[in-house]
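**Q** My structure file coords-v1.csv, CSV, C-alpha atoms and all ligand atoms, is below:
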chain,number,residue,atom,x,y,z
T,261,MET,CA,-15.2,-45.3,2.8
T,262,ARG,CA,-16.5,-42.5,0.7
T,263,LYS,CA,-15.5,-39.0,2.0
T,264,GLY,CA,-18.4,-36.9,3.3
T,265,LYS,CA,-18.9,-33.3,2.4
T,266,VAL,CA,-21.2,-30.5,3.6
T,267,TYR,CA,-22.7,-28.0,1.2
T,268,ILE,CA,-23.8,-24.8,3.0
T,269,ILE,CA,-26.4,-23.7,0.5
T,270,GLY,CA,-28.3,-20.3,0.2
T,271,ALA,CA,-31.9,-21.2,-0.6
T,272,GLY,CA,-32.8,-17.6,-1.6
T,273,PRO,CA,-35.3,-15.3,0.0
T,274,GLY,CA,-38.5,-17.3,-0.3
T,275,ASP,CA,-39.5,-18.2,-3.9
T,276,TRP,CA,-37.9,-21.6,-4.3
T,277,GLU,CA,-37.0,-20.8,-7.9
T,278,LEU,CA,-34.5,-18.3,-6.7
T,279,ILE,CA,-32.0,-20.9,-5.5
T,280,SER,CA,-28.9,-21.2,-7.7
T,281,VAL,CA,-28.6,-24.0,-10.3
T,282,LYS,CA,-25.6,-25.2,-8.4
T,283,GLY,CA,-27.4,-25.1,-5.0
T,284,LEU,CA,-30.3,-27.1,-6.4
T,285,GLU,CA,-28.1,-29.8,-8.0
T,286,ARG,CA,-26.2,-30.3,-4.7
T,287,LEU,CA,-29.5,-30.5,-2.9
T,288,LYS,CA,-30.8,-33.2,-5.2
T,289,GLU,CA,-27.7,-35.3,-4.6
T,290,ALA,CA,-27.6,-35.0,-0.8
T,291,ASP,CA,-28.0,-38.0,1.5
T,292,ALA,CA,-29.0,-35.7,4.3
T,293,ILE,CA,-30.7,-32.3,4.2
T,294,VAL,CA,-30.7,-30.0,7.2
T,295,TYR,CA,-33.0,-27.0,6.6
T,296,ASP,CA,-34.0,-23.8,8.4
T,297,PHE,CA,-37.6,-22.3,8.5
T,298,LEU,CA,-36.7,-19.5,6.2
T,299,ALA,CA,-35.7,-21.8,3.4
T,300,SER,CA,-38.6,-22.6,1.1
T,301,LYS,CA,-40.2,-26.0,2.0
T,302,ASP,CA,-40.9,-26.4,-1.8
T,303,LEU,CA,-37.3,-27.2,-2.2
T,304,LEU,CA,-37.6,-30.4,-0.1
T,305,ALA,CA,-39.6,-32.0,-2.9
T,306,PHE,CA,-36.2,-32.3,-4.7
T,307,ALA,CA,-34.7,-34.5,-2.0
T,308,LYS,CA,-33.6,-37.8,-3.4
T,309,LYS,CA,-35.5,-41.0,-2.3
T,310,GLY,CA,-34.2,-42.1,1.0
T,311,ALA,CA,-32.5,-38.9,1.9
T,312,ARG,CA,-32.7,-37.9,5.6
T,313,VAL,CA,-34.5,-34.6,5.9
T,314,ILE,CA,-34.1,-32.7,9.2
T,315,CYS,CA,-35.7,-29.4,10.3
T,316,ALA,CA,-33.2,-27.4,12.3
T,317,GLY,CA,-35.8,-24.7,12.9
T,318,LYS,CA,-34.8,-21.2,13.8
T,319,ALA,CA,-37.4,-18.6,13.6
T,320,ASP,CA,-37.7,-15.6,15.9
T,321,GLY,CA,-37.4,-17.2,19.3
T,322,LEU,CA,-38.0,-20.8,18.2
T,323,HIS,CA,-35.0,-23.1,17.8
T,324,ILE,CA,-35.8,-26.8,17.2
T,325,LEU,CA,-32.1,-27.6,17.4
T,326,GLU,CA,-29.5,-25.4,19.2
T,327,GLN,CA,-26.5,-24.3,17.1
T,328,GLY,CA,-24.2,-26.7,18.8
T,329,GLN,CA,-26.5,-29.6,17.9
T,330,ILE,CA,-26.7,-28.5,14.3
T,331,ASN,CA,-22.9,-28.2,14.0
T,332,LYS,CA,-22.5,-31.7,15.5
T,333,LEU,CA,-25.2,-33.2,13.2
T,334,LEU,CA,-23.5,-31.8,10.1
T,335,TYR,CA,-20.1,-33.2,11.3
T,336,GLU,CA,-21.5,-36.6,12.2
T,337,GLU,CA,-23.3,-37.1,8.8
T,338,ALA,CA,-20.2,-36.1,6.9
T,339,LYS,CA,-18.1,-38.4,9.1
T,340,ARG,CA,-20.3,-41.3,8.0
T,341,GLY,CA,-19.4,-40.5,4.4
T,342,LYS,CA,-22.6,-38.7,3.6
T,343,THR,CA,-23.2,-35.7,1.3
T,344,VAL,CA,-25.0,-33.1,3.4
T,345,ALA,CA,-27.0,-30.1,2.1
T,346,ARG,CA,-27.3,-27.5,4.8
T,347,LEU,CA,-30.1,-25.3,3.4
T,348,LYS,CA,-30.3,-21.8,4.8
T,349,GLY,CA,-32.6,-18.9,3.9
T,350,GLY,CA,-31.3,-16.1,1.7
T,351,ASP,CA,-27.5,-16.1,1.6
T,352,PRO,CA,-25.9,-18.4,4.1
T,353,PHE,CA,-23.3,-15.8,5.3
T,354,VAL,CA,-25.6,-12.7,5.5
T,355,PHE,CA,-26.8,-12.3,9.1
T,356,SER,CA,-26.7,-16.0,9.5
T,357,ARG,CA,-24.8,-18.5,11.6
T,358,GLY,CA,-23.6,-20.3,8.5
T,359,ILE,CA,-20.1,-19.0,9.4
T,360,GLU,CA,-20.2,-20.8,12.7
T,361,GLU,CA,-21.0,-24.0,11.0
T,362,ALA,CA,-18.2,-23.5,8.5
T,363,LEU,CA,-15.7,-22.8,11.2
T,364,TYR,CA,-16.8,-25.9,13.2
T,365,LEU,CA,-16.4,-28.1,10.1
T,366,LYS,CA,-13.0,-26.6,9.4
T,367,LYS,CA,-11.9,-27.3,12.9
T,368,LYS,CA,-13.1,-30.9,12.6
T,369,LYS,CA,-11.4,-31.2,9.2
T,370,VAL,CA,-14.6,-31.9,7.3
T,371,ASP,CA,-14.7,-30.9,3.6
T,372,PHE,CA,-17.3,-28.2,3.0
T,373,GLU,CA,-18.4,-25.7,0.3
T,374,VAL,CA,-20.4,-22.5,0.6
T,375,ILE,CA,-22.9,-22.0,-2.2
T,376,PRO,CA,-24.1,-18.3,-2.1
T,377,GLY,CA,-27.8,-17.4,-2.2
T,378,ILE,CA,-29.8,-14.4,-3.0
T,379,THR,CA,-30.1,-12.4,0.2
T,380,SER,CA,-33.4,-11.0,1.3
T,381,ALA,CA,-31.5,-7.7,2.0
T,382,PHE,CA,-31.5,-7.1,-1.7
T,383,ALA,CA,-34.3,-9.2,-3.1
T,384,SER,CA,-37.0,-7.7,-0.9
T,385,ALA,CA,-36.7,-4.3,-2.4
T,386,GLU,CA,-36.2,-5.6,-5.9
T,387,SER,CA,-39.3,-7.8,-5.7
T,388,PHE,CA,-41.3,-4.6,-5.4
T,389,GLY,CA,-39.4,-2.9,-8.2
T,390,ILE,CA,-37.3,-0.8,-5.8
T,391,PRO,CA,-33.6,-0.5,-6.7
T,392,LEU,CA,-30.9,-0.1,-4.0
T,393,THR,CA,-28.7,2.2,-6.0
T,394,ARG,CA,-29.2,4.5,-8.9
T,395,ARG,CA,-26.5,6.1,-11.0
T,396,GLY,CA,-25.8,9.7,-10.1
T,397,LYS,CA,-28.5,9.7,-7.3
T,398,PHE,CA,-28.1,7.0,-4.7
T,399,SER,CA,-24.6,5.6,-4.5
T,400,SER,CA,-24.4,3.9,-1.1
T,401,VAL,CA,-26.4,1.3,0.8
T,402,ALA,CA,-25.8,-0.4,4.2
T,403,VAL,CA,-27.2,-3.7,5.3
T,404,LEU,CA,-27.7,-3.7,9.1
T,405,THR,CA,-29.3,-5.7,11.9
T,406,GLY,CA,-32.2,-4.3,13.8
T,407,ARG,CA,-31.3,-6.4,16.8
T,408,LYS,CA,-27.9,-7.0,18.4
T,409,SER,CA,-27.4,-10.0,20.6
T,410,SER,CA,-24.3,-8.5,21.9
T,411,GLY,CA,-26.3,-5.7,23.6
T,412,LYS,CA,-24.2,-3.1,21.7
T,413,SER,CA,-26.1,-0.1,20.3
T,414,LEU,CA,-27.6,-0.2,16.8
T,415,ASP,CA,-26.0,1.4,13.7
T,416,ALA,CA,-27.4,4.1,11.5
T,417,PRO,CA,-24.5,5.1,9.2
T,418,ASP,CA,-24.4,8.1,6.9
T,419,CYS,CA,-25.3,6.6,3.6
T,420,ASP,CA,-28.1,6.9,1.1
T,421,THR,CA,-30.1,3.8,1.9
T,422,LEU,CA,-30.3,1.7,5.0
T,423,VAL,CA,-31.6,-1.9,4.9
T,424,TYR,CA,-32.4,-3.5,8.3
T,425,LEU,CA,-33.0,-7.2,8.8
T,426,MET,CA,-34.6,-8.4,12.0
T,427,ALA,CA,-36.0,-5.0,12.9
T,428,VAL,CA,-39.7,-5.8,13.3
T,429,GLY,CA,-39.7,-6.4,17.1
T,430,ASN,CA,-37.3,-3.6,17.7
T,431,ILE,CA,-38.6,-0.9,15.4
T,432,LYS,CA,-39.0,1.8,18.0
T,433,LYS,CA,-35.3,1.6,18.9
T,434,VAL,CA,-34.3,1.4,15.3
T,435,VAL,CA,-36.2,4.5,14.4
T,436,GLU,CA,-34.9,6.4,17.4
T,437,LYS,CA,-31.4,5.6,16.4
T,438,ILE,CA,-31.9,6.7,12.8
T,439,LEU,CA,-33.6,10.0,13.9
T,440,ALA,CA,-30.7,10.6,16.4
T,441,SER,CA,-28.3,10.3,13.5
T,442,GLY,CA,-29.8,13.3,11.9
T,443,ARG,CA,-32.4,12.1,9.4
T,444,PRO,CA,-35.8,14.0,9.5
T,445,GLU,CA,-39.1,12.3,10.4
T,446,SER,CA,-40.3,12.9,6.8
T,447,THR,CA,-37.7,10.4,5.5
T,448,PRO,CA,-39.6,7.7,3.5
T,449,CYS,CA,-39.3,4.1,4.6
T,450,VAL,CA,-40.9,0.7,4.0
T,451,PHE,CA,-41.4,-2.7,5.6
T,452,ILE,CA,-41.4,-5.5,3.1
T,453,GLU,CA,-42.8,-8.7,4.5
T,454,ARG,CA,-42.3,-12.3,3.1
T,455,ALA,CA,-40.7,-10.9,0.0
T,456,THR,CA,-40.8,-13.1,-3.1
T,457,THR,CA,-43.5,-15.4,-1.7
T,458,LYS,CA,-47.2,-15.4,-2.6
T,459,ASP,CA,-47.9,-13.5,0.7
T,460,LYS,CA,-45.5,-10.7,0.1
T,461,ARG,CA,-46.5,-7.3,1.3
T,462,ILE,CA,-45.2,-3.7,1.5
T,463,VAL,CA,-46.1,-1.2,4.1
T,464,ARG,CA,-45.0,2.4,3.3
T,465,GLY,CA,-44.5,5.3,5.7
T,466,ASN,CA,-41.9,7.7,7.0
T,467,LEU,CA,-39.7,7.7,10.1
T,468,GLY,CA,-42.4,9.7,12.0
T,469,ASN,CA,-45.2,7.2,11.4
T,470,ILE,CA,-43.8,3.8,10.5
T,471,GLU,CA,-44.0,2.3,14.0
T,472,ARG,CA,-47.7,3.1,14.1
T,473,ARG,CA,-48.3,1.8,10.6
T,474,ALA,CA,-46.4,-1.4,11.3
T,475,GLN,CA,-48.8,-1.9,14.3
T,476,LYS,CA,-51.9,-1.0,12.3
T,477,TYR,CA,-51.0,-3.5,9.5
T,478,SER,CA,-49.6,-6.1,11.9
T,479,VAL,CA,-46.2,-6.4,10.2
T,480,ARG,CA,-44.6,-9.6,11.2
T,481,ALA,CA,-41.2,-11.3,10.7
T,482,PRO,CA,-39.7,-12.1,8.3
T,483,ALA,CA,-39.6,-8.5,7.0
T,484,VAL,CA,-36.9,-6.0,6.0
T,485,PHE,CA,-37.0,-2.3,6.9
T,486,ILE,CA,-35.7,0.0,4.2
T,487,VAL,CA,-35.0,3.7,4.8
T,488,GLY,CA,-34.2,6.4,2.3
T,489,LYS,CA,-35.7,8.3,-0.7
T,490,ILE,CA,-35.0,5.4,-3.0
T,491,VAL,CA,-38.1,3.6,-1.6
T,492,ASN,CA,-40.2,6.2,-3.6
T,493,TYR,CA,-39.4,4.0,-6.6
T,494,GLY,CA,-41.2,0.8,-7.2
T,495,LYS,CA,-44.7,-0.6,-7.5
T,501,LIG,C1,-31.4,-14.4,10.5
T,501,LIG,S1,-31.7,-13.3,9.2
T,501,LIG,C2,-31.3,-14.3,7.8
T,501,LIG,C3,-31.0,-13.6,6.6
T,501,LIG,C4,-30.7,-14.4,5.4
T,501,LIG,N1,-29.4,-15.1,5.6
T,501,LIG,C5,-30.7,-13.6,4.1
T,501,LIG,O1,-29.6,-13.5,3.5
T,501,LIG,O2,-31.7,-13.2,3.7
T,501,LIG,C6,-33.5,-13.3,9.2
T,501,LIG,C7,-34.1,-12.0,8.6
T,501,LIG,O3,-33.9,-12.0,7.2
T,501,LIG,C8,-35.0,-11.2,6.7
T,501,LIG,N2,-35.8,-12.0,5.8
T,501,LIG,C9,-35.5,-13.3,5.4
T,501,LIG,N3,-36.4,-13.7,4.5
T,501,LIG,C10,-37.2,-12.7,4.2
T,501,LIG,C11,-38.2,-12.5,3.3
T,501,LIG,N4,-38.7,-13.4,2.4
T,501,LIG,N5,-38.8,-11.2,3.3
T,501,LIG,C12,-38.4,-10.3,4.0
T,501,LIG,N6,-37.4,-10.4,4.9
T,501,LIG,C13,-36.8,-11.6,5.0
T,501,LIG,C14,-35.9,-10.7,7.9
T,501,LIG,O4,-35.4,-9.5,8.3
T,501,LIG,C15,-35.5,-11.8,8.9
T,501,LIG,O5,-35.8,-11.4,10.2
For this file, write the structure as structure tokens.
**A**
Amino acid sequence: MRKGKVYIIGAGPGDWELISVKGLERLKEADAIVYDFLASKDLLAFAKKGARVICAGKADGLHILEQGQINKLLYEEAKRGKTVARLKGGDPFVFSRGIEEALYLKKKKVDFEVIPGITSAFASAESFGIPLTRRGKFSSVAVLTGRKSSGKSLDAPDCDTLVYLMAVGNIKKVVEKILASGRPESTPCVFIERATTKDKRIVRGNLGNIERRAQKYSVRAPAVFIVGKIVNYGK
């Protein structure tokens, strides 16, 4: 029997054209496609005829399949000799459970390959013309989570730019943590929502008013929260 293989593919941040050439080619060849909500649905049009297409879900608070079920599904399809495309939003290893899938497949001795994707952590700013570094001015950037499942306290390291994912529902605590680390309320920051899609939006503010502004403009996930003077660049 043909040996199965799982490709863990980064779909990019939203615009389907931002997937890599390699990711798209493996997607087209797949016998089964298991996709998350954050991966662009437009990519499903490339599924070959007869491919099994399965939504694994996973948006804030909504999981169609639990992680254990997803791991098992990938394993079972590969064991049947199938080529599987596991399509994940952004990059599959940036604040993602892609690593858990890879470890499970490794344990089960299933062949797999990770195909990197463009992460929303970088693409969100860039889609509004905001760089994340600038020679001689901004030399450090940290990518952080705005919500920790472990219950541990949030991070606000001392570097030029902070990029938080999953911060929308916890913005009060995120801002408190950043202020406590010594940044003034006047520090500029932005929320960038649905970056690289037709609905993309930027909400600007500073640490003193961003929570109010996010409420006023009904900022919703998926959005990244970027803090630091570098956000003064851009459109
Ligand atoms: C579970 S993480 C997955 C991150 C993904 N692996 C990546 O590399 O972009 C989900 C978070 O990514 C961010 N995100 C994903 N897509 C986004 C987009 N198009 N615009 C803004 N933020 C996005 C949001 O912060 C969202 O809550």
**Q** Write out as a short mmCIF file (atom, residue, chain, number, x, y, z; two decimals) with C-alpha atoms, keeping the file's coordinate frame each polymer residue whose atoms come within 8 Å of Pro448 in chain T, counting all atoms listed in the file; drop sequence neighbours fewer than 5 positions from it.
**A**
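As written to disk, part_13.cif reads:
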data_model
loop_
_atom_site.label_atom_id
_atom_site.label_comp_id
_atom_site.auth_asym_id
_atom_site.auth_seq_id
_atom_site.Cartn_x
_atom_site.Cartn_y
_atom_site.Cartn_z
CA ARG T 464 -45.00 2.40 3.30
CA GLY T 465 -44.50 5.30 5.70
CA ASN T 466 -41.90 7.70 7.00
CA LEU T 467 -39.70 7.70 10.10
CA VAL T 487 -35.00 3.70 4.80
CA GLY T 488 -34.20 6.40 2.30
CA LYS T 489 -35.70 8.30 -0.70
CA VAL T 491 -38.10 3.60 -1.60
CA ASN T 492 -40.20 6.20 -3.60
#
**Q** Determine, counting only C-alpha atoms, which protein, DNA and RNA residues have an atom within 7 Å of an atom of range 476-484 of chain T; residues of the same chain fewer than 4 positions away are not included. Present the result as a PyMOL selection string.
**A** chain T and resi 381+423-426+428+451-454+472
**Q** Name the closest residue to Leu404 in chain T among the candidates T:Asp296, T:Val354, T:Lys339, T:Glu361; distances are taken between atoms, counting all atoms listed in the file.
**A**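 Nearest to Leu404 in chain T: T:Val354.
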**Q** Which one is closest to ligand LIG 501 (chain T): T:Gly341, T:Gly264, T:Gly377, T:Pro391? Count only C-alpha atoms and all ligand atoms.
**A**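 Smallest separation from ligand LIG 501 (chain T) among the options: T:Gly377.
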**Q** Figure out the distance between CA of Gln327 in chain T and CA of Leu347 in chain T, please, to one decimal in Å.
**A**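 Computing the Euclidean distance for CA of Leu347 in chain T and CA of Gln327 in chain T yields 14.2 Å.
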**Q** What gap, in Å, lies between CA of Phe297 in chain T and CA of Leu365 in chain T?
**A**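 CA of Leu365 in chain T lies 22.0 Å from CA of Phe297 in chain T.
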**Q** To one decimal in Å, tell me the separation between CA of Glu360 in chain T and CA of Ala416 in chain T.
**A**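 Interatomic distance, CA of Glu360 in chain T to CA of Ala416 in chain T: 25.9 Å.
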**Q** For Leu334 in chain T, which residue out of T:Asp351, T:Glu277, T:Asp291, T:Asp302 is the nearest one, using only C-alpha atoms?
**A** T:Asp291
**Q** For a cutoff of 7 Å around the file-coordinate point (-26.8, -25.7, -0.7), which residues qualify once you count all atoms listed in the file? I'd like the result as a PyMOL selection string.
**A** chain T and resi 267-271+283-284+286-287+345-347+375
**Q** From the options T:Pro444, T:Gly274, T:Pro417, T:Gly310, which residue's atoms come nearest to ligand LIG 501 (chain T), counting only C-alpha atoms and all ligand atoms?
**A**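 Among the listed residues, T:Gly274 lies closest to ligand LIG 501 (chain T).
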**Q** Name the closest residue to ligand LIG 501 (chain T) among the candidates T:Ile324, T:Ala455, T:Ile359, T:Leu333; distances are taken between atoms, counting all atoms listed in the file.
**A** T:Ala455
**Q** Counting all atoms listed in the file, figure out which residue out of T:Phe485, T:Phe398, T:Tyr493, T:Phe388 gets nearest to Lys460 in chain T.
**A**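 Of all the options, T:Phe388 lies closest to Lys460 in chain T.
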**Q** With a distance cut-off of 12 Å and only C-alpha atoms, select the neighbouring residues of Lys408 in chain T, excluding the residue or stretch itself and same-chain residues fewer than 2 positions from it, and output the selection as a ChimeraX atom specification.
**A** /T:355,404-406,410-415,424-427,429-430,433-434
**Q** Show me, as a PyMOL selection string, the residues that have an atom within 9 Å of Lys342 in chain T when counting only C-alpha atoms, minus same-chain residues fewer than 6 positions from it.
**A** chain T and resi 262-266+290-292+336
**Q** Excluding Ile330 in chain T and any residue of its chain fewer than 5 positions from it, enumerate the residues within 9 Å of it, using all atoms listed in the file, and give them as a list in words.
**A**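 My reading of the contact set: Val294, Ala316, Leu325, Tyr335 and Glu361 of chain T.
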